[in-house]
>>> print(open('final.txt').read())   # compact mmCIF, C-alpha atoms
# COMPACT_ATOMS: atom_id res chain seq x y z
CA GLU R 7 -55.44 29.68 -62.23
CA TRP R 8 -52.07 30.33 -60.60
CA THR R 9 -52.09 32.06 -57.20
CA GLY R 10 -48.41 31.73 -56.41
CA TRP R 11 -48.09 35.48 -55.70
CA ALA R 12 -50.73 35.52 -52.96
CA VAL R 13 -48.41 34.59 -50.09
CA PRO R 14 -45.48 36.77 -51.16
CA LEU R 15 -47.81 39.75 -51.63
CA TYR R 16 -49.24 39.15 -48.16
CA LEU R 17 -45.74 39.07 -46.74
CA VAL R 18 -44.77 42.20 -48.67
CA ALA R 19 -47.85 44.00 -47.32
CA LEU R 20 -46.98 42.90 -43.79
CA LEU R 21 -43.39 44.05 -44.21
CA LEU R 22 -44.47 47.38 -45.66
CA GLY R 23 -46.85 47.84 -42.75
CA LEU R 24 -44.09 47.08 -40.26
CA LEU R 25 -41.72 49.47 -41.99
CA GLY R 26 -44.47 52.08 -41.96
CA CYS R 27 -44.87 51.70 -38.19
CA LEU R 28 -41.14 51.94 -37.65
CA GLY R 29 -41.03 54.93 -39.96
CA ALA R 30 -43.74 56.67 -37.95
CA LEU R 31 -41.88 55.90 -34.71
CA ALA R 32 -38.61 57.22 -36.14
CA ARG R 33 -40.38 60.31 -37.49
CA ASP R 34 -42.12 61.12 -34.20
CA SER R 35 -39.01 60.66 -32.04
CA GLU R 36 -36.36 62.01 -34.41
CA PHE R 37 -33.89 64.65 -33.30
CA GLN R 38 -36.07 67.71 -33.09
CA HIS R 39 -37.63 69.82 -30.36
CA HIS R 40 -41.05 68.45 -29.48
CA ARG R 41 -43.82 70.88 -28.60
CA TYR R 42 -46.57 69.43 -26.39
CA GLU R 43 -48.64 67.86 -29.17
CA ASP R 44 -45.47 66.49 -30.84
CA MET R 45 -44.33 64.95 -27.56
CA VAL R 46 -47.70 63.31 -26.95
CA ARG R 47 -47.70 61.99 -30.52
CA ALA R 48 -44.21 60.57 -30.07
CA MET R 49 -45.19 58.84 -26.82
CA PHE R 50 -48.30 57.29 -28.37
CA ALA R 51 -46.26 56.19 -31.40
CA VAL R 52 -44.00 54.20 -29.04
CA GLN R 53 -47.03 52.74 -27.26
CA ASN R 54 -48.53 51.78 -30.62
CA GLU R 55 -45.27 50.17 -31.72
CA CYS R 56 -44.71 48.22 -28.46
CA PRO R 57 -48.23 47.71 -27.06
CA TYR R 58 -47.41 44.62 -24.97
CA ILE R 59 -44.59 46.20 -22.95
CA THR R 60 -45.85 49.79 -22.60
CA ARG R 61 -48.67 51.81 -21.08
CA ILE R 62 -49.40 55.53 -21.16
CA TYR R 63 -51.10 57.14 -18.19
CA SER R 64 -51.60 60.68 -16.92
CA ILE R 65 -50.67 61.62 -13.35
CA GLY R 66 -52.58 64.91 -13.52
CA ARG R 67 -52.76 68.19 -15.40
CA SER R 68 -50.71 71.36 -15.49
CA VAL R 69 -52.11 74.80 -14.59
CA GLU R 70 -53.14 75.28 -18.24
CA GLY R 71 -54.69 71.80 -18.42
CA ARG R 72 -51.98 69.86 -20.26
CA HIS R 73 -51.70 66.21 -19.22
CA LEU R 74 -48.58 65.06 -17.40
CA TYR R 75 -48.18 61.84 -19.39
CA VAL R 76 -46.00 58.96 -18.24
CA LEU R 77 -44.84 56.13 -20.51
CA GLU R 78 -44.37 52.89 -18.57
CA PHE R 79 -42.19 49.98 -19.74
CA SER R 80 -42.76 46.54 -18.20
CA ASP R 81 -43.44 42.96 -19.28
CA ASN R 82 -46.74 43.41 -17.40
CA PRO R 83 -47.71 47.06 -17.92
CA GLY R 84 -50.04 48.48 -15.29
CA ILE R 85 -49.19 45.83 -12.68
CA HIS R 86 -46.75 45.92 -9.78
CA GLU R 87 -45.03 42.55 -9.56
CA ALA R 88 -43.62 41.57 -6.19
CA LEU R 89 -39.81 41.83 -6.06
CA GLU R 90 -39.71 43.83 -9.31
CA PRO R 91 -38.45 47.34 -8.48
CA GLU R 92 -40.10 50.52 -9.73
CA PHE R 93 -37.92 53.18 -11.38
CA LYS R 94 -38.70 56.68 -12.69
CA TYR R 95 -37.17 59.42 -14.82
CA VAL R 96 -38.55 62.98 -14.65
CA GLY R 97 -37.64 65.53 -17.31
CA ASN R 98 -38.27 69.21 -18.03
CA MET R 99 -39.16 70.23 -14.46
CA HIS R 100 -37.81 73.64 -15.43
CA GLY R 101 -39.65 74.45 -18.64
CA ASN R 102 -36.66 76.07 -20.36
CA GLU R 103 -34.29 73.17 -19.56
CA VAL R 104 -35.27 71.04 -22.49
CA LEU R 105 -32.55 68.48 -23.16
CA GLY R 106 -33.91 66.04 -20.56
CA ARG R 107 -37.30 66.12 -22.25
CA GLU R 108 -35.78 65.27 -25.65
CA LEU R 109 -33.50 62.59 -24.22
CA LEU R 110 -36.43 60.87 -22.51
CA ILE R 111 -38.50 60.92 -25.72
CA GLN R 112 -35.51 59.33 -27.47
CA LEU R 113 -35.06 56.81 -24.65
CA CYS R 114 -38.68 55.68 -25.00
CA ALA R 115 -38.24 55.03 -28.74
CA PHE R 116 -34.86 53.37 -28.11
CA LEU R 117 -36.20 50.96 -25.46
CA CYS R 118 -39.07 49.96 -27.75
CA GLN R 119 -36.91 49.49 -30.84
CA GLU R 120 -34.15 47.59 -29.05
CA TYR R 121 -36.66 45.34 -27.30
CA ARG R 122 -38.23 44.46 -30.66
CA ALA R 123 -34.80 43.94 -32.23
CA GLY R 124 -33.98 41.28 -29.62
CA ASN R 125 -31.42 43.28 -27.60
CA HIS R 126 -30.95 40.93 -24.63
CA ARG R 127 -29.84 43.66 -22.23
CA ILE R 128 -32.89 45.83 -22.92
CA GLN R 129 -35.26 42.85 -22.84
CA GLN R 130 -33.90 41.77 -19.47
CA LEU R 131 -34.15 45.33 -18.14
CA ILE R 132 -37.82 45.58 -19.15
CA HIS R 133 -38.61 42.07 -17.82
CA ASP R 134 -36.97 42.74 -14.45
CA THR R 135 -37.87 46.42 -13.89
CA ARG R 136 -40.98 48.57 -14.06
CA ILE R 137 -39.77 51.79 -15.69
CA HIS R 138 -41.81 55.02 -15.62
CA ILE R 139 -40.77 57.93 -17.85
CA LEU R 140 -42.27 61.44 -17.43
CA PRO R 141 -40.64 63.47 -20.25
CA SER R 142 -42.16 66.77 -19.10
CA MET R 143 -43.22 67.75 -15.60
CA ASN R 144 -43.68 71.35 -16.73
CA PRO R 145 -45.33 71.39 -20.18
CA ASP R 146 -46.68 74.94 -19.70
CA GLY R 147 -43.27 76.41 -18.98
CA TYR R 148 -41.84 74.56 -21.97
CA GLU R 149 -44.32 76.22 -24.34
CA VAL R 150 -43.29 79.66 -23.02
CA ALA R 151 -39.61 78.82 -23.58
CA ALA R 152 -40.23 77.21 -26.97
CA ARG R 153 -42.01 80.30 -28.28
CA GLN R 154 -38.70 82.12 -27.83
CA GLY R 155 -36.71 79.22 -29.24
CA PRO R 156 -33.10 78.16 -28.73
CA GLU R 157 -31.41 81.29 -30.07
CA PHE R 158 -33.18 83.86 -27.92
CA ASN R 159 -34.04 81.88 -24.79
CA GLY R 160 -33.40 83.84 -21.62
CA TYR R 161 -31.98 82.14 -18.55
CA LEU R 162 -35.31 82.27 -16.72
CA VAL R 163 -37.96 82.52 -19.46
CA GLY R 164 -40.23 79.49 -19.11
CA ARG R 165 -38.35 78.11 -16.08
CA GLY R 166 -41.43 78.18 -13.85
CA ASN R 167 -44.91 76.89 -14.55
CA ALA R 168 -47.76 79.03 -15.94
CA ARG R 169 -47.89 80.89 -12.60
CA GLU R 170 -44.10 81.41 -12.80
CA MET R 171 -43.55 79.17 -9.79
CA ASP R 172 -40.23 77.28 -9.72
CA LEU R 173 -41.36 73.67 -9.28
CA ASN R 174 -38.00 72.68 -7.78
CA ARG R 175 -38.63 75.11 -4.90
CA ASN R 176 -42.22 73.99 -4.42
CA PHE R 177 -42.11 70.68 -2.49
CA PRO R 178 -42.80 70.56 1.26
CA ASP R 179 -39.58 71.34 3.13
CA LEU R 180 -38.79 68.18 5.09
CA ASN R 181 -35.07 68.90 5.55
CA ALA R 182 -35.57 71.21 8.52
CA LEU R 183 -37.65 68.49 10.19
CA MET R 184 -35.04 65.83 9.33
CA TYR R 185 -32.18 67.88 10.74
CA TYR R 186 -34.20 68.46 13.94
CA TYR R 187 -34.93 64.72 14.26
CA GLU R 188 -31.24 63.93 13.80
CA LYS R 189 -30.54 65.81 17.02
CA THR R 190 -33.44 64.22 18.92
CA SER R 191 -33.16 60.60 17.65
CA GLY R 192 -36.47 61.04 15.89
CA ARG R 193 -37.96 59.45 12.83
CA ASN R 194 -35.49 58.95 9.96
CA HIS R 195 -37.78 58.20 7.00
CA HIS R 196 -41.27 58.92 5.60
CA LEU R 197 -41.42 62.23 7.44
CA PRO R 198 -44.93 63.63 7.92
CA LEU R 199 -46.08 66.34 5.55
CA PRO R 200 -47.38 69.65 6.92
CA ASP R 201 -51.14 69.62 7.51
CA ASN R 202 -51.85 72.20 4.81
CA TRP R 203 -49.28 71.02 2.24
CA GLU R 204 -51.88 70.59 -0.51
CA GLN R 205 -52.66 74.33 -0.37
CA GLN R 206 -48.96 75.22 -0.68
CA VAL R 207 -48.01 73.34 -3.86
CA GLU R 208 -48.69 73.83 -7.56
CA PRO R 209 -50.82 71.34 -9.55
CA GLU R 210 -47.73 69.84 -11.22
CA THR R 211 -46.02 69.34 -7.85
CA MET R 212 -49.20 67.87 -6.38
CA ALA R 213 -49.45 65.41 -9.27
CA VAL R 214 -45.88 64.23 -8.79
CA ILE R 215 -46.28 63.86 -5.00
CA LYS R 216 -49.46 61.78 -5.46
CA TRP R 217 -47.62 59.72 -8.10
CA MET R 218 -44.81 59.05 -5.62
CA GLN R 219 -47.34 58.05 -2.98
CA ASN R 220 -49.10 55.63 -5.35
CA TYR R 221 -46.01 53.80 -6.62
CA ASN R 222 -43.26 52.37 -4.42
CA PHE R 223 -40.37 53.86 -6.41
CA VAL R 224 -36.88 52.67 -5.49
CA LEU R 225 -34.65 54.82 -7.69
CA SER R 226 -35.12 57.99 -9.73
CA ALA R 227 -33.37 60.82 -11.51
CA ASN R 228 -34.65 64.23 -12.51
CA LEU R 229 -33.08 65.82 -15.58
CA HIS R 230 -32.07 69.49 -15.68
CA GLY R 231 -29.81 71.78 -17.72
CA GLY R 232 -27.41 74.67 -17.23
CA ALA R 233 -24.43 72.62 -16.03
CA VAL R 234 -23.00 69.12 -16.58
CA VAL R 235 -22.86 67.23 -13.28
CA ALA R 236 -24.63 64.49 -11.30
CA ASN R 237 -25.95 66.13 -8.10
CA TYR R 238 -26.90 64.04 -5.05
CA PRO R 239 -28.60 64.73 -1.66
CA PHE R 240 -28.86 66.67 0.41
CA ASP R 241 -29.53 69.86 -1.53
CA LYS R 242 -30.25 71.88 1.59
CA SER R 243 -27.42 72.83 3.92
CA ARG R 244 -27.71 71.89 7.59
CA ASP R 245 -26.05 75.14 8.65
CA PRO R 246 -26.89 78.67 7.56
CA ARG R 247 -24.28 80.07 5.22
CA ILE R 248 -21.41 81.93 6.83
CA ARG R 249 -20.34 84.74 4.50
CA GLY R 250 -21.06 82.73 1.38
CA ARG R 251 -19.18 79.63 2.52
CA VAL R 252 -20.98 76.45 1.53
CA THR R 253 -20.72 73.12 3.29
CA SER R 254 -21.60 69.63 2.16
CA ALA R 255 -24.81 68.14 3.58
CA ALA R 256 -24.31 64.37 3.56
CA SER R 257 -27.34 62.09 3.83
CA PRO R 258 -27.18 58.83 5.81
CA ASP R 259 -26.79 57.12 2.41
CA ASP R 260 -23.97 59.40 1.24
CA LYS R 261 -21.79 56.51 -0.01
CA ILE R 262 -24.48 54.90 -2.14
CA PHE R 263 -25.54 58.29 -3.52
CA LYS R 264 -21.95 58.97 -4.61
CA LYS R 265 -21.89 55.56 -6.29
CA LEU R 266 -25.19 56.29 -8.08
CA ALA R 267 -23.96 59.70 -9.25
CA LYS R 268 -20.71 58.15 -10.51
CA ALA R 269 -22.63 55.40 -12.29
CA TYR R 270 -24.16 58.13 -14.44
CA SER R 271 -21.13 60.40 -14.80
CA TYR R 272 -18.74 57.61 -15.84
CA ALA R 273 -21.21 56.07 -18.29
CA HIS R 274 -21.70 59.55 -19.80
CA SER R 275 -19.27 60.43 -22.57
CA TRP R 276 -17.80 63.52 -20.89
CA MET R 277 -19.51 64.32 -17.56
CA HIS R 278 -16.89 62.39 -15.53
CA GLU R 279 -14.07 64.51 -16.95
CA GLY R 280 -15.07 67.25 -14.51
CA TRP R 281 -14.43 70.40 -16.57
CA ASN R 282 -17.72 71.50 -18.15
CA CYS R 283 -19.41 74.85 -18.76
CA GLY R 284 -16.52 76.68 -17.08
CA ASP R 285 -17.02 74.73 -13.82
CA TYR R 286 -15.04 71.87 -12.35
CA PHE R 287 -16.72 69.03 -10.45
CA ASP R 288 -14.41 66.19 -9.41
CA GLU R 289 -15.49 63.01 -11.25
CA GLY R 290 -18.50 64.93 -12.56
CA ILE R 291 -20.47 64.65 -9.30
CA THR R 292 -21.36 67.01 -6.45
CA ASN R 293 -23.23 67.07 -3.18
CA GLY R 294 -26.10 69.50 -3.70
CA ALA R 295 -25.48 71.72 -0.68
CA SER R 296 -21.75 71.91 -1.33
CA TRP R 297 -22.58 73.43 -4.74
CA TYR R 298 -25.31 75.76 -3.43
CA SER R 299 -28.03 75.26 -0.84
CA LEU R 300 -31.56 74.77 -2.14
CA SER R 301 -34.80 74.43 -0.15
CA LYS R 302 -38.01 72.61 -1.10
CA GLY R 303 -36.41 70.61 -3.91
CA MET R 304 -37.81 67.41 -5.39
CA GLN R 305 -34.63 65.34 -4.89
CA ASP R 306 -34.51 65.64 -1.09
CA PHE R 307 -38.30 65.24 -0.87
CA ASN R 308 -38.05 61.82 -2.56
CA TYR R 309 -35.58 60.59 0.04
CA LEU R 310 -37.32 62.09 3.09
CA SER R 311 -40.94 61.32 2.19
CA THR R 312 -40.73 58.00 0.30
CA ASN R 313 -38.51 54.95 -0.23
CA CYS R 314 -37.10 56.51 -3.40
CA PHE R 315 -33.47 57.56 -3.87
CA GLU R 316 -33.25 60.39 -6.42
CA ILE R 317 -30.37 62.33 -7.93
CA THR R 318 -30.48 65.46 -10.10
CA LEU R 319 -28.75 65.22 -13.48
CA GLU R 320 -27.54 68.50 -14.97
CA LEU R 321 -26.97 67.55 -18.59
CA SER R 322 -26.05 70.53 -20.76
CA CYS R 323 -24.38 73.93 -20.50
CA ASP R 324 -27.02 75.30 -22.85
CA LYS R 325 -30.49 75.07 -21.33
CA PHE R 326 -32.21 75.10 -24.74
CA PRO R 327 -29.66 73.61 -27.16
CA PRO R 328 -30.23 73.87 -30.93
CA GLU R 329 -31.65 70.82 -32.70
CA SER R 330 -28.27 70.25 -34.34
CA ALA R 331 -26.80 69.45 -30.89
CA LEU R 332 -29.39 66.77 -30.04
CA PRO R 333 -27.78 63.76 -31.84
CA ARG R 334 -24.44 64.28 -30.05
CA GLU R 335 -26.21 64.75 -26.70
CA TRP R 336 -28.19 61.54 -27.23
CA LEU R 337 -25.04 59.57 -28.00
CA GLY R 338 -23.34 61.11 -24.97
CA ASN R 339 -26.19 60.17 -22.59
CA ARG R 340 -27.63 56.95 -24.06
CA GLU R 341 -25.43 54.46 -22.19
CA ALA R 342 -25.69 56.47 -18.96
CA LEU R 343 -29.50 56.54 -19.12
CA VAL R 344 -29.61 52.74 -19.45
CA SER R 345 -26.82 52.05 -16.91
CA TYR R 346 -28.48 54.24 -14.32
CA ILE R 347 -31.75 52.26 -14.55
CA GLU R 348 -29.72 49.08 -13.95
CA GLN R 349 -28.50 50.50 -10.60
CA VAL R 350 -31.96 49.75 -9.16
CA HIS R 351 -30.94 46.08 -9.04
CA HIS R 352 -28.21 46.42 -6.37
CA GLY R 353 -28.40 45.87 -2.62
CA ILE R 354 -31.06 43.69 -1.03
CA LYS R 355 -34.74 43.04 -1.62
CA GLY R 356 -37.28 40.63 -0.24
CA MET R 357 -40.67 39.96 1.27
CA VAL R 358 -41.90 40.60 4.79
CA TYR R 359 -44.37 37.90 5.86
CA ASP R 360 -46.25 36.99 9.00
CA GLU R 361 -46.08 33.43 10.33
CA ASN R 362 -48.91 32.37 7.99
CA ASN R 363 -47.07 33.66 4.91
CA ASN R 364 -49.34 36.67 4.54
CA PRO R 365 -47.40 39.70 3.27
CA ILE R 366 -47.00 42.61 5.70
CA GLY R 367 -47.18 46.05 4.12
CA ASN R 368 -45.51 49.12 5.63
CA ALA R 369 -43.06 47.08 7.71
CA GLU R 370 -39.89 49.02 8.53
CA VAL R 371 -36.57 47.60 7.32
CA ALA R 372 -33.54 49.06 9.11
CA VAL R 373 -29.87 48.56 8.26
CA SER R 374 -27.53 48.83 11.26
CA GLY R 375 -25.21 51.80 10.89
CA ILE R 376 -27.34 53.65 8.29
CA ASN R 377 -29.86 56.01 9.86
CA HIS R 378 -32.49 55.74 7.12
CA ASP R 379 -35.10 52.97 7.08
CA VAL R 380 -37.25 51.83 4.17
CA THR R 381 -40.71 50.29 4.27
CA SER R 382 -42.33 47.37 2.52
CA GLY R 383 -44.95 48.09 -0.13
CA PRO R 384 -48.61 47.01 0.04
CA GLU R 385 -47.66 43.56 -1.34
CA GLY R 386 -45.04 43.11 1.39
CA ASP R 387 -41.96 43.57 -0.82
CA TYR R 388 -39.12 45.91 0.14
CA TYR R 389 -35.99 47.16 -1.63
CA ARG R 390 -32.84 48.55 -0.02
CA LEU R 391 -30.04 49.95 -2.18
CA LEU R 392 -26.67 49.11 -0.62
CA LEU R 393 -23.00 48.99 -1.55
CA PRO R 394 -21.21 45.61 -1.42
CA GLY R 395 -20.53 44.58 2.18
CA THR R 396 -21.97 42.69 5.16
CA TYR R 397 -24.98 44.20 6.90
CA THR R 398 -27.24 43.54 9.87
CA VAL R 399 -30.84 44.11 8.81
CA THR R 400 -33.94 44.24 11.05
CA ALA R 401 -37.60 44.16 10.02
CA THR R 402 -40.25 45.48 12.40
CA ALA R 403 -44.02 45.99 12.21
CA PRO R 404 -46.60 46.96 14.83
CA GLY R 405 -47.98 43.82 16.50
CA TYR R 406 -44.97 41.63 15.64
CA HIS R 407 -41.64 40.73 17.15
CA PRO R 408 -38.70 42.23 15.23
CA SER R 409 -36.58 39.88 13.13
CA THR R 410 -32.88 40.41 12.44
CA SER R 411 -30.63 38.82 9.81
CA THR R 412 -27.08 39.28 8.59
CA VAL R 413 -26.54 39.46 4.85
CA THR R 414 -23.56 39.89 2.55
CA VAL R 415 -24.18 42.01 -0.53
CA GLY R 416 -22.07 41.47 -3.65
CA PRO R 417 -21.49 43.74 -6.65
CA ALA R 418 -24.03 41.95 -8.88
CA GLU R 419 -27.82 41.78 -8.67
CA ALA R 420 -29.71 42.35 -5.41
CA ILE R 421 -29.54 39.61 -2.77
CA GLN R 422 -32.97 38.33 -1.71
CA LEU R 423 -33.57 38.44 2.04
CA HIS R 424 -37.04 37.53 3.31
CA PHE R 425 -38.39 38.16 6.81
CA TYR R 426 -40.99 36.12 8.70
CA LEU R 427 -42.36 38.07 11.66
CA LYS R 428 -44.02 36.37 14.62
CA SER R 429 -47.00 38.12 16.13
CA ALA R 430 -46.51 39.29 19.70
CA PRO R 431 -49.05 39.34 22.53
CA LYS R 432 -50.19 42.90 23.19
CA HIS R 433 -48.62 43.19 26.66
CA ASN R 434 -45.34 41.83 25.26
CA LEU R 435 -44.95 44.22 22.35
CA ASN R 436 -41.79 46.15 21.76
CA THR R 437 -43.88 49.30 21.64
CA LYS R 438 -41.14 51.73 22.55
CA HIS R 439 -39.66 51.73 19.06
CA HIS R 440 -42.91 52.53 17.25
CA HIS R 441 -44.47 54.65 19.95
CA SER R 442 -41.53 57.03 20.17
CA LYS R 443 -41.38 57.42 16.42
CA LYS R 444 -45.11 58.08 16.16
CA ASN R 445 -44.89 60.70 18.89
CA LEU R 446 -41.97 62.44 17.28
CA SER R 447 -43.60 62.54 13.89
CA SER R 448 -46.27 64.83 15.30
CA THR R 449 -43.87 66.95 17.36
CA LYS R 450 -44.12 70.65 16.62
CA VAL R 451 -40.71 71.80 15.43
CA PRO R 452 -39.45 75.08 16.91
CA THR R 453 -40.01 77.90 14.43
CA ARG R 454 -36.47 79.19 14.99
CA LEU R 455 -35.24 76.43 12.63
CA GLY R 456 -35.88 78.82 9.77
CA PRO R 457 -38.48 79.44 7.11
CA ARG R 458 -40.23 76.58 5.34
>>> encode(input="final.txt", output="structure tokens")
Amino acid sequence: EWTGWAVPLYLVALLLGLLGCLGALARDSEFQHHRYEDMVRAMFAVQNECPYITRIYSIGRSVEGRHLYVLEFSDNPGIHEALEPEFKYVGNMHGNEVLGRELLIQLCAFLCQEYRAGNHRIQQLIHDTRIHILPSMNPDGYEVAARQGPEFNGYLVGRGNAREMDLNRNFPDLNALMYYYEKTSGRNHHLPLPDNWEQQVEPETMAVIKWMQNYNFVLSANLHGGAVVANYPFDKSRDPRIRGRVTSAASPDDKIFKKLAKAYSYAHSWMHEGWNCGDYFDEGITNGASWYSLSKGMQDFNYLSTNCFEITLELSCDKFPPESALPREWLGNREALVSYIEQVHHGIKGMVYDENNNPIGNAEVAVSGINHDVTSGPEGDYYRLLLPGTYTVTATAPGYHPSTSTVTVGPAEAIQLHFYLKSAPKHNLNTKHHHSKKNLSSTKVPTRLGPR
């Protein structure tokens, strides 16, 4: 008997199955507002469609028990690979600022689909970067805002979490400590947290802080709404306001932060034009404090507590835009969302080894002229975002002699610079550097510096 149809039917079934999967992915991530269950379904649809380059994990739960799910993209999901930088996006920190949440759901589907379609740029990005996407940091607040919907959403309804706490005013305030240390030549990175910080933060904030402590993130953005501008550190002013006058609060990495903010604003379809929502921001960027001073924000906390550089992206005039606006917003932000991830590959990176080629974790890497050090991760790899130029870089670790190198950074991918530290006899150690920093990190700061 003739069985000539067997193979074509098998292929047809396979094709139909593939189209069905793609259809489900398109359906789950299409341009609509996603309530919590819809968002989770959309994330799992992406994971199901691209199982070998994705992983879903929860970093904790909200006040009302909703999981804070992260979708990870990597060629080795779940594994940190040495010299492969870690990147994160955080959306929907304010529950009623919903565009970031929808854009990140779209971005997840886009990365999966383009990877499968053979898009070389996206494939290279996923092979060379470990990308973590948290579409909603505040799922409880979102549900409050979504019950009102786009037409009737108040400016503050659903902004906070279930306890009506503003999560972007809920991180330990390290700026006051930083500004004190600037005057006393104290520690310039990984500032110590207050002893009782865990009692002072909400569950969502706690989850994100633990997440940041468990992954050596290099670059990040958190997505907000209510304006259209890329906002960079510091958010908190160094000086108290004088009759409403605001002053810029530059970080030691002010130049690179401006470059990062511009990378987003110029890749965005209209942010760089400056005039948006009745406000004007030159080139579509602003220093946080020069806009308005904000304490206990997530952006500054990233920079002062970890190795991570974070900016705040304000993406829409309307905090809860109608569904009909979502396709245009996606097209306006798509290139910027991808380009910004690619910024993680600039500057220098490398390994810190001892003389036996064992990696040294938590070594300090200092760039001459920039008063902000970074540290190597547990596997001994470090990452330092830098603009093109020539730099003098020093690696130090307790028990070792410092090592200094000069490096020239170009505009393309990060230059690799490895350090090999020689152990030092105890009586010969350059202890002053570490000892003074350790002492200062436990110094009690005068209370007159202002409220935490």
>>> closest_atom_pairs(input="final.txt", of="region 211-282 of chain R", to="region 382-397 of chain R", cutoff="10 Å", atoms="all atoms listed in the file", output="JSON lines")
{"residue": "R:Tyr221", "atom": "CA", "partner": "R:Gly383", "partner_atom": "CA", "distance": 8.7}
{"residue": "R:Asn222", "atom": "CA", "partner": "R:Gly383", "partner_atom": "CA", "distance": 6.3}
{"residue": "R:Phe223", "atom": "CA", "partner": "R:Tyr389", "partner_atom": "CA", "distance": 9.3}
{"residue": "R:Val224", "atom": "CA", "partner": "R:Tyr389", "partner_atom": "CA", "distance": 6.8}
{"residue": "R:Leu225", "atom": "CA", "partner": "R:Leu391", "partner_atom": "CA", "distance": 8.7}
{"residue": "R:Asp259", "atom": "CA", "partner": "R:Leu392", "partner_atom": "CA", "distance": 8.6}
{"residue": "R:Lys261", "atom": "CA", "partner": "R:Leu393", "partner_atom": "CA", "distance": 7.8}
{"residue": "R:Ile262", "atom": "CA", "partner": "R:Leu393", "partner_atom": "CA", "distance": 6.1}
{"residue": "R:Phe263", "atom": "CA", "partner": "R:Leu391", "partner_atom": "CA", "distance": 9.6}
{"residue": "R:Lys265", "atom": "CA", "partner": "R:Leu393", "partner_atom": "CA", "distance": 8.2}
{"residue": "R:Leu266", "atom": "CA", "partner": "R:Leu391", "partner_atom": "CA", "distance": 9.9}
>>> closest_residue(input="final.txt", among="R:Ala273, R:Val46, R:Ala342, R:Val207", to="Arg72 (chain R)", atoms="all atoms listed in the file")
R:Val46
>>> closest_residue(input="final.txt", among="R:Glu370, R:Glu289, R:Asp172, R:Asp360", to="Leu427 (chain R)", atoms="only C-alpha atoms")
R:Asp360
>>> closest_residue(input="final.txt", among="R:Ala182, R:Leu197, R:Ala233, R:Ile132", to="Asp285 (chain R)", atoms="all atoms listed in the file")
R:Ala233
>>> residues_around(input="final.txt", residues="region 302-319 of chain R", least_positions_apart="3", cutoff="7 Å", atoms="all atoms listed in the file", output="PyMOL selection string")
chain R and resi 174-180+195-197+222-230+235-241+380-381
>>> atom_distance(input="final.txt", atom1="CA of Cys56 (chain R)", atom2="CA of Ser142 (chain R)")
20.9 Å
>>> atom_distance(input="final.txt", atom1="CA of Gln53 (chain R)", atom2="CA of Met99 (chain R)")
23.1 Å
>>> atom_distance(input="final.txt", atom1="CA of His424 (chain R)", atom2="CA of Gly375 (chain R)")
20.0 Å
>>> axis_aligned_box(input="final.txt", around="region 381-386 of chain R", padding_each_side="6 Å", output="lines of an AutoDock Vina configuration file")
center_x = -44.7
center_y = 46.7
center_z = 1.5
size_x = 19.9
size_y = 19.2
size_z = 17.6
